[in-house]
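Engineer: Structure file upload01.cif (mmCIF, C-alpha atoms and all ligand atoms) is given on the next line.
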```cif
data_protein
loop_
_atom_site.label_atom_id
_atom_site.label_comp_id
_atom_site.auth_asym_id
_atom_site.auth_seq_id
_atom_site.Cartn_x
_atom_site.Cartn_y
_atom_site.Cartn_z
CA MET B 1 -38.00 48.02 -26.68
CA GLN B 2 -40.88 45.93 -25.37
CA THR B 3 -43.68 46.83 -22.97
CA PHE B 4 -45.87 44.55 -20.89
CA SER B 5 -48.83 45.61 -18.77
CA PHE B 6 -50.64 43.90 -15.91
CA TYR B 7 -53.71 45.07 -14.06
CA SER B 8 -55.01 43.90 -10.74
CA ASP B 9 -57.20 45.49 -8.09
CA GLY B 10 -56.98 49.13 -9.22
CA ARG B 11 -53.26 48.95 -9.85
CA LEU B 12 -51.76 49.04 -13.34
CA THR B 13 -48.15 48.00 -13.84
CA VAL B 14 -46.40 48.80 -17.10
CA ARG B 15 -43.04 47.10 -17.50
CA PHE B 16 -40.48 48.48 -19.95
CA CYS B 17 -37.81 46.11 -21.29
CA GLY B 18 -34.78 47.05 -23.39
CA GLU B 19 -33.55 50.55 -24.25
CA LEU B 20 -35.81 53.51 -23.50
CA ASP B 21 -34.35 56.24 -25.71
CA HIS B 22 -35.61 58.72 -28.30
CA ALA B 23 -36.22 55.92 -30.82
CA ALA B 24 -38.41 53.99 -28.33
CA ALA B 25 -40.13 56.85 -26.50
CA ALA B 26 -43.23 57.19 -28.69
CA SER B 27 -44.17 53.52 -28.48
CA ALA B 28 -43.51 53.45 -24.73
CA MET B 29 -45.83 56.42 -24.24
CA ARG B 30 -48.47 54.83 -26.46
CA ALA B 31 -48.35 51.65 -24.37
CA VAL B 32 -48.92 53.61 -21.14
CA ALA B 33 -51.74 55.68 -22.65
CA GLU B 34 -53.50 52.63 -24.08
CA ALA B 35 -53.28 50.62 -20.84
CA ALA B 36 -54.38 53.61 -18.74
CA GLY B 37 -57.34 54.20 -21.07
CA GLU B 38 -58.36 50.57 -20.94
CA TYR B 39 -58.14 49.96 -17.17
CA LEU B 40 -58.63 53.44 -15.66
CA PRO B 41 -56.39 52.47 -12.72
CA ARG B 42 -56.20 54.19 -9.32
CA THR B 43 -52.44 53.79 -9.27
CA CYS B 44 -49.97 53.15 -12.04
CA VAL B 45 -46.48 51.77 -11.59
CA LEU B 46 -43.80 52.01 -14.26
CA ASP B 47 -41.55 49.01 -13.68
CA LEU B 48 -38.09 49.87 -15.04
CA SER B 49 -36.33 46.69 -13.90
CA GLY B 50 -36.00 45.35 -17.47
CA LEU B 51 -34.32 48.46 -18.89
CA THR B 52 -30.80 48.09 -20.27
CA PHE B 53 -30.60 51.84 -20.97
CA MET B 54 -32.58 55.03 -20.37
CA ASP B 55 -31.85 58.69 -21.13
CA SER B 56 -33.74 62.00 -21.00
CA SER B 57 -36.23 60.68 -23.56
CA GLY B 58 -37.33 58.27 -20.82
CA ILE B 59 -37.62 61.16 -18.37
CA ALA B 60 -40.03 62.86 -20.80
CA VAL B 61 -42.07 59.63 -21.04
CA ILE B 62 -42.31 59.41 -17.24
CA LEU B 63 -43.34 63.07 -16.91
CA ARG B 64 -45.97 62.72 -19.65
CA ALA B 65 -47.28 59.53 -18.09
CA GLN B 66 -47.51 61.34 -14.74
CA ARG B 67 -49.51 64.19 -16.28
CA LEU B 68 -51.80 61.74 -18.06
CA LEU B 69 -52.48 59.66 -14.93
CA ASN B 70 -52.87 62.68 -12.64
CA HIS B 71 -55.42 64.05 -15.08
CA THR B 72 -57.64 61.04 -14.37
CA GLY B 73 -56.98 61.29 -10.62
CA ALA B 74 -54.51 58.41 -10.51
CA ALA B 75 -51.06 58.39 -8.92
CA LEU B 76 -47.91 57.36 -10.76
CA THR B 77 -44.82 55.78 -9.25
CA VAL B 78 -41.66 54.33 -10.71
CA GLN B 79 -40.09 51.10 -9.50
CA SER B 80 -36.84 49.11 -9.63
CA PRO B 81 -34.62 51.08 -12.02
CA PRO B 82 -31.23 49.50 -12.76
CA GLU B 83 -28.25 51.66 -11.73
CA GLN B 84 -27.85 53.57 -15.02
CA ALA B 85 -31.54 54.55 -15.15
CA ARG B 86 -31.51 55.40 -11.43
CA ARG B 87 -28.62 57.83 -11.94
CA VAL B 88 -30.54 59.54 -14.77
CA LEU B 89 -33.69 59.76 -12.60
CA GLU B 90 -31.67 61.27 -9.75
CA LEU B 91 -30.05 63.91 -11.94
CA ALA B 92 -33.45 64.81 -13.36
CA GLY B 93 -34.84 65.21 -9.83
CA LEU B 94 -37.35 62.38 -10.20
CA SER B 95 -36.15 60.17 -7.34
CA LYS B 96 -39.27 61.27 -5.47
CA LEU B 97 -41.36 59.13 -7.85
CA LEU B 98 -39.46 56.01 -6.84
CA GLU B 99 -41.69 53.61 -5.02
CA GLN B 100 -40.53 52.42 -1.61
CA PRO B 101 -41.75 48.83 -1.08
CA LYS B 102 -43.13 49.54 2.45
CA GLN B 103 -45.06 52.69 1.54
CA GLN B 104 -46.51 50.81 -1.39
CA ARG B 105 -48.24 48.31 0.91
CA ARG B 106 -49.62 51.04 3.13
CA GLU B 107 -50.97 53.05 0.19
CA VAL B 108 -52.78 50.09 -1.28
CA GLY B 109 -54.28 49.27 2.14
CA SER B 110 -55.71 52.74 2.67
CA ILE B 111 -57.54 53.02 -0.65
CA MET J 1 -2.78 67.53 -27.50
CA LYS J 2 -1.83 64.28 -29.22
CA ALA J 3 -4.40 61.58 -28.59
CA GLU J 4 -3.30 58.08 -27.62
CA ASN J 5 -6.15 56.60 -29.61
CA TYR J 6 -9.32 57.84 -31.30
CA ILE J 7 -12.29 56.94 -33.48
CA LYS J 8 -14.31 59.17 -35.76
CA LEU J 9 -17.75 58.22 -37.03
CA GLU J 10 -20.15 59.99 -39.32
CA PHE J 11 -23.80 59.07 -39.80
CA PRO J 12 -27.09 60.61 -40.94
CA ALA J 13 -29.17 62.24 -38.20
CA ARG J 14 -31.62 59.37 -37.90
CA SER J 15 -33.04 58.05 -34.67
CA VAL J 16 -31.89 54.46 -35.36
CA ASN J 17 -28.28 55.65 -35.19
CA GLU J 18 -28.55 56.82 -31.56
CA GLY J 19 -28.26 53.25 -30.25
CA PHE J 20 -25.43 52.57 -32.66
CA ALA J 21 -23.50 55.63 -31.43
CA ARG J 22 -23.88 54.48 -27.79
CA ALA J 23 -22.74 50.96 -28.62
CA ALA J 24 -19.75 52.22 -30.62
CA ALA J 25 -18.74 54.51 -27.74
CA ALA J 26 -19.04 51.65 -25.23
CA ALA J 27 -16.93 49.36 -27.41
CA PHE J 28 -14.20 51.99 -27.85
CA VAL J 29 -14.12 52.85 -24.16
CA SER J 30 -13.77 49.20 -23.10
CA GLN J 31 -9.99 49.48 -23.71
CA LEU J 32 -9.86 51.81 -20.68
CA ASP J 33 -11.39 49.07 -18.51
CA PRO J 34 -14.20 51.31 -17.21
CA THR J 35 -16.43 50.45 -14.26
CA LEU J 36 -20.07 49.69 -15.08
CA THR J 37 -21.05 53.08 -13.65
CA GLU J 38 -18.52 54.87 -15.86
CA LEU J 39 -19.71 52.95 -18.90
CA GLY J 40 -23.34 53.87 -18.14
CA ASP J 41 -22.42 57.54 -17.69
CA ILE J 42 -20.51 57.62 -20.98
CA LYS J 43 -23.30 55.93 -22.95
CA THR J 44 -25.82 58.34 -21.45
CA ALA J 45 -23.77 61.44 -22.29
CA VAL J 46 -23.20 60.23 -25.88
CA SER J 47 -26.90 59.47 -26.22
CA GLU J 48 -27.91 62.94 -25.04
CA ALA J 49 -25.56 64.77 -27.40
CA VAL J 50 -26.36 62.59 -30.42
CA THR J 51 -30.11 62.71 -29.75
CA ASN J 52 -29.90 66.51 -29.62
CA ALA J 53 -28.29 66.55 -33.07
CA VAL J 54 -31.00 64.18 -34.38
CA VAL J 55 -33.92 66.00 -32.75
CA HIS J 56 -32.96 69.68 -32.86
CA ALA J 57 -30.22 70.34 -35.40
CA TYR J 58 -31.95 69.49 -38.66
CA PRO J 59 -35.64 70.41 -38.69
CA GLU J 60 -35.94 70.43 -42.49
CA GLU J 61 -33.57 67.73 -43.72
CA ILE J 62 -31.53 64.76 -42.51
CA GLY J 63 -28.07 66.16 -42.01
CA VAL J 64 -24.83 64.59 -40.87
CA VAL J 65 -23.72 63.93 -37.28
CA GLN J 66 -20.08 63.41 -36.36
CA LEU J 67 -18.95 61.54 -33.26
CA ARG J 68 -15.33 61.53 -32.22
CA LEU J 69 -13.91 59.81 -29.16
CA ARG J 70 -10.34 60.35 -28.05
CA ILE J 71 -8.24 58.97 -25.26
CA LEU J 72 -5.96 61.77 -24.13
CA PRO J 73 -2.61 61.31 -22.42
CA GLY J 74 -3.27 60.26 -18.83
CA GLY J 75 -6.28 58.21 -19.85
CA GLU J 76 -8.84 61.02 -19.98
CA LEU J 77 -11.72 60.39 -22.38
CA GLU J 78 -12.95 63.14 -24.71
CA ILE J 79 -16.27 62.88 -26.53
CA MET J 80 -17.13 65.27 -29.34
CA VAL J 81 -20.49 65.42 -31.13
CA LYS J 82 -20.80 67.83 -34.03
CA ASP J 83 -23.55 68.83 -36.42
CA ARG J 84 -23.88 71.44 -39.16
CA GLY J 85 -27.46 72.25 -38.34
CA THR J 86 -29.48 75.20 -37.03
CA GLY J 87 -27.23 76.06 -34.11
CA ILE J 88 -28.32 77.39 -30.72
CA PRO J 89 -28.98 81.14 -30.41
CA ASP J 90 -28.42 81.30 -26.63
CA VAL J 91 -26.25 78.47 -25.33
CA GLU J 92 -26.34 79.58 -21.70
CA ARG J 93 -30.13 79.52 -21.72
CA ALA J 94 -30.21 76.17 -23.56
CA ARG J 95 -28.05 74.64 -20.81
CA THR J 96 -30.49 75.68 -18.07
CA PRO J 97 -32.28 72.67 -16.51
CA LEU J 98 -35.80 72.15 -17.96
CA TYR J 99 -35.24 74.58 -20.84
CA THR J 100 -36.50 72.99 -24.05
CA THR J 101 -37.78 74.03 -27.45
CA GLY J 102 -38.98 70.46 -28.01
CA GLY J 103 -42.44 70.55 -26.40
CA GLU J 104 -43.77 67.69 -24.32
CA ASP J 105 -41.72 65.02 -26.10
CA ARG J 106 -38.64 66.43 -24.39
CA SER J 107 -37.74 67.11 -20.77
CA GLY J 108 -35.09 69.82 -21.20
CA MET J 109 -32.65 67.78 -19.10
CA GLY J 110 -30.14 66.70 -21.78
CA PHE J 111 -27.40 69.25 -21.09
CA THR J 112 -27.94 68.92 -17.34
CA ILE J 113 -27.38 65.16 -17.60
CA MET J 114 -24.25 65.60 -19.76
CA GLU J 115 -22.91 68.10 -17.24
CA GLY J 116 -23.69 65.84 -14.30
CA PHE J 117 -22.11 62.72 -15.77
CA MET J 118 -18.99 64.30 -17.29
CA ASP J 119 -16.19 66.32 -15.69
CA LYS J 120 -16.32 69.02 -18.37
CA LEU J 121 -18.89 70.12 -20.93
CA ARG J 122 -18.25 72.73 -23.61
CA VAL J 123 -20.91 73.79 -26.11
CA ARG J 124 -19.89 75.85 -29.15
CA SER J 125 -22.70 76.88 -31.44
CA ILE J 126 -23.23 79.33 -34.27
CA PRO J 127 -26.80 79.92 -35.46
CA GLY J 128 -27.14 78.70 -39.03
CA ARG J 129 -23.76 76.92 -38.90
CA GLY J 130 -24.07 74.16 -36.32
CA THR J 131 -23.19 72.94 -32.85
CA THR J 132 -20.18 71.18 -31.36
CA VAL J 133 -20.47 69.57 -27.94
CA THR J 134 -17.21 68.48 -26.28
CA MET J 135 -17.10 66.54 -23.03
CA ARG J 136 -14.31 65.12 -20.93
CA ARG J 137 -14.29 62.45 -18.28
CA LYS J 138 -11.38 61.12 -16.29
CA LEU J 139 -11.74 57.39 -15.66
CA GLN J 140 -10.60 55.64 -12.51
CA ARG J 141 -7.37 53.79 -13.10
CA ARG J 142 -7.83 50.26 -11.86
CA GLY J 143 -5.48 47.34 -11.33
N1 LIG X 1 -27.44 70.13 -31.59
C1 LIG X 1 -28.37 71.08 -31.36
N2 LIG X 1 -28.81 71.87 -32.39
C2 LIG X 1 -29.76 72.82 -32.18
N3 LIG X 1 -30.33 73.07 -30.97
C3 LIG X 1 -29.94 72.32 -29.92
C4 LIG X 1 -28.96 71.29 -30.05
N4 LIG X 1 -28.76 70.72 -28.84
C5 LIG X 1 -29.59 71.35 -28.00
N5 LIG X 1 -30.30 72.32 -28.62
C6 LIG X 1 -31.27 73.26 -27.99
O1 LIG X 1 -31.03 73.27 -26.58
C7 LIG X 1 -32.22 72.92 -25.87
C8 LIG X 1 -31.86 72.16 -24.59
O2 LIG X 1 -31.25 70.91 -24.89
P1 LIG X 1 -31.38 69.72 -23.84
O3 LIG X 1 -30.74 68.51 -24.41
O4 LIG X 1 -30.90 70.19 -22.51
O5 LIG X 1 -32.96 69.51 -23.70
P2 LIG X 1 -33.95 68.88 -24.78
O6 LIG X 1 -33.20 68.18 -25.86
O7 LIG X 1 -34.90 69.94 -25.21
O8 LIG X 1 -34.74 67.81 -23.92
P3 LIG X 1 -34.16 66.38 -23.44
O9 LIG X 1 -32.70 66.35 -23.75
O10 LIG X 1 -34.41 66.34 -21.98
O11 LIG X 1 -34.94 65.39 -24.17
C9 LIG X 1 -33.04 72.13 -26.88
O12 LIG X 1 -34.43 72.16 -26.58
C10 LIG X 1 -32.71 72.86 -28.19
O13 LIG X 1 -33.47 74.04 -28.30
MG MG X 2 -31.70 66.82 -25.41
#
```
Translate the structure of the given file into structure tokens.
Structural biologist:
Amino acid sequence: MQTFSFYSDGRLTVRFCGELDHAAAASAMRAVAEAAGEYLPRTCVLDLSGLTFMDSSGIAVILRAQRLLNHTGAALTVQSPPEQARRVLELAGLSKLLEQPKQQRREVGSI
Amino acid sequence: MKAENYIKLEFPARSVNEGFARAAAAAFVSQLDPTLTELGDIKTAVSEAVTNAVVHAYPEEIGVVQLRLRILPGGELEIMVKDRGTGIPDVERARTPLYTTGGEDRSGMGFTIMEGFMDKLRVRSIPGRGTTVTMRRKLQRRG
């Protein structure tokens, strides 16, 4: 699995590409923690659009990332999961973290 | 019940083999001409059961994991994942959403996901002897 991060104007985006499973979870979490520590963002978006697979190990990464970001007062959202990852998110009750494109613009404007 | 076709794989409980198990399951299932959603569900369920054997079954050693896939008469798919590890003392409790003994690396959603994506989930476990997870899923007949 590969991770890429971008930062602009208070907003950190971490993009996961490939398979986010047990074997990849530790490095994915490390990437989020390192980027969050470096940029201290106000919001963090996990971009799942490049994932070819995700299971409950990915759910644990998202929940840990949420705890980490919330600890520093930042909000975490999740964006653009492919169908397989979206079904896993839904079953795990995490659909509420999915970013709606419209809300996103409003949130950024009000900060 | 006589299976129309099956595969049986055995591998050490190492994390690198989780992706292999998913890919092998996907390749076997392709003969049933599954939809992309069905294929995703099957790979996810296999991944959850195999990852459990890798993560939970063998705390002290690297034991063996068995994966068996069968196509039953009528085209129903059966997935079995078996280990000879620690076993689960209270299966009902283990199947509860969010229940985990794995700390913050785990979400406790594995069995819930298997149950949600498959038609049937059976968990047989004997502490000290091991765990066998059996799942069934009826695929849409197309064409
Ligand atoms: N093969 C197994 N051998 C021993 N214990 C197991 C096995 N499978 C599951 N368990 C026990 O059942 C619990 C629940 O399993 P489940 O897959 O639902 O959640 P998890 O593995 O802890 O977390 P997640 O799957 O979300 O990463 C585990 O924490 C573990 O205690
Ligand atoms: Mg699990």
Engineer: Taking into account only C-alpha atoms, which residue in the set B:Arg87, B:Ala26, B:Leu48, B:Ser57 is nearest to Glu48 (chain J)?
Structural biologist: B:Ser57
Engineer: If I take CA of Gly102 (chain J) and CA of Ala25 (chain B), how far is one from the other in Å, to one decimal?
Structural biologist: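 Computed distance, CA of Gly102 (chain J) to CA of Ala25 (chain B), equals 13.7 Å.
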Engineer: Show me, as a PyMOL selection string, every residue of chain B with an atom at most 6 Å from chain J, counting only C-alpha atoms.
Structural biologist: chain B and resi 23+56+60+84
Engineer: Take the residues from that selection and write them out as a PDB file, keeping the file's coordinate frame, keeping C-alpha atoms.
Structural biologist:
```pdb
ATOM      1  CA  ALA B  23     -36.220  55.920 -30.820  1.00  0.00           C
ATOM      2  CA  SER B  56     -33.740  62.000 -21.000  1.00  0.00           C
ATOM      3  CA  ALA B  60     -40.030  62.860 -20.800  1.00  0.00           C
ATOM      4  CA  GLN B  84     -27.850  53.570 -15.020  1.00  0.00           C
TER       5      GLN B  84
END
```
Engineer: Report, in Å with one decimal, the straight-line distance from CA of Leu68 (chain B) to CA of Gly37 (chain B).
Structural biologist: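 Computed distance, CA of Leu68 (chain B) to CA of Gly37 (chain B), equals 9.8 Å.
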Engineer: Expressed in Å to a single decimal, how great is the separation between atom C1 of ligand LIG 1 (chain X) and CA of Gly18 (chain B)?
Structural biologist: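 It comes out at 26.1 Å.
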Engineer: Take the point (-45.3, 54.8, -23.2) in the file's coordinates, draw a sphere of radius 10 Å around it, and report as a list in words every protein, DNA or RNA residue with an atom inside or on it, counting all atoms listed in the file.
Structural biologist: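 The requested residues, written out, are Thr3, Val14, Arg15, Phe16, Leu20, Ala24, Ala25, Ala26, Ser27, Ala28, Met29, Arg30, Ala31, Val32, Ala33, Glu34, Ala35, Leu46, Gly58, Ala60, Val61, Ile62, Arg64 and Ala65 of chain B.
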Engineer: Would you pick out the contacts of region 130-140 of chain J at 9 Å or less, using all atoms listed in the file, so that residues sharing its chain but fewer than 4 positions from it are not included, and give the list as a ChimeraX atom specification?
Structural biologist: /J:32-35,38,42,45,49,53,57,74-88,114-115,117-126
Engineer: Return the single residue from J:Gly128, J:His56, J:Gln66, J:Asp90 that is closest to ligand LIG 1 (chain X), with distances computed using all atoms listed in the file.
Structural biologist: J:His56
Engineer: Can you work out which one of J:Val50, J:Leu72, J:Ala26, J:Leu67 has the shortest atom-to-atom distance to ligand MG 2 (chain X), counting all atoms listed in the file?
Structural biologist: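 Once distances to ligand MG 2 (chain X) are computed over all atoms listed in the file, the minimum belongs to J:Val50.
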Engineer: Name all residues at most 9 Å from region 40-44 of chain B (count all atoms listed in the file; drop same-chain ones fewer than 6 positions away) and give them as a PyMOL selection string.
Structural biologist: chain B and resi 7-14+66+69+72-78+108+111
Engineer: Would you please work out which residue, of J:Pro73, J:Gln31, J:Thr101, J:Pro127, is nearest to ligand MG 2 (chain X) when using only C-alpha atoms and all ligand atoms?
Structural biologist: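 Residue with the minimum atom-to-atom distance to ligand MG 2 (chain X): J:Thr101.
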Engineer: Env of Val88 (chain B): 8 Å cut, atoms = all atoms listed in the file, seq-sep filter 2 positions within chain, self excluded. Answer as a ChimeraX atom specification.
Structural biologist: /B:54-56,84-86,90-92 /J:113
Engineer: Name the closest residue to ligand MG 2 (chain X) among the candidates B:Gly50, B:Asp21, B:Glu99, B:Gln79; distances are taken between atoms, counting all atoms listed in the file.
Structural biologist: B:Asp21
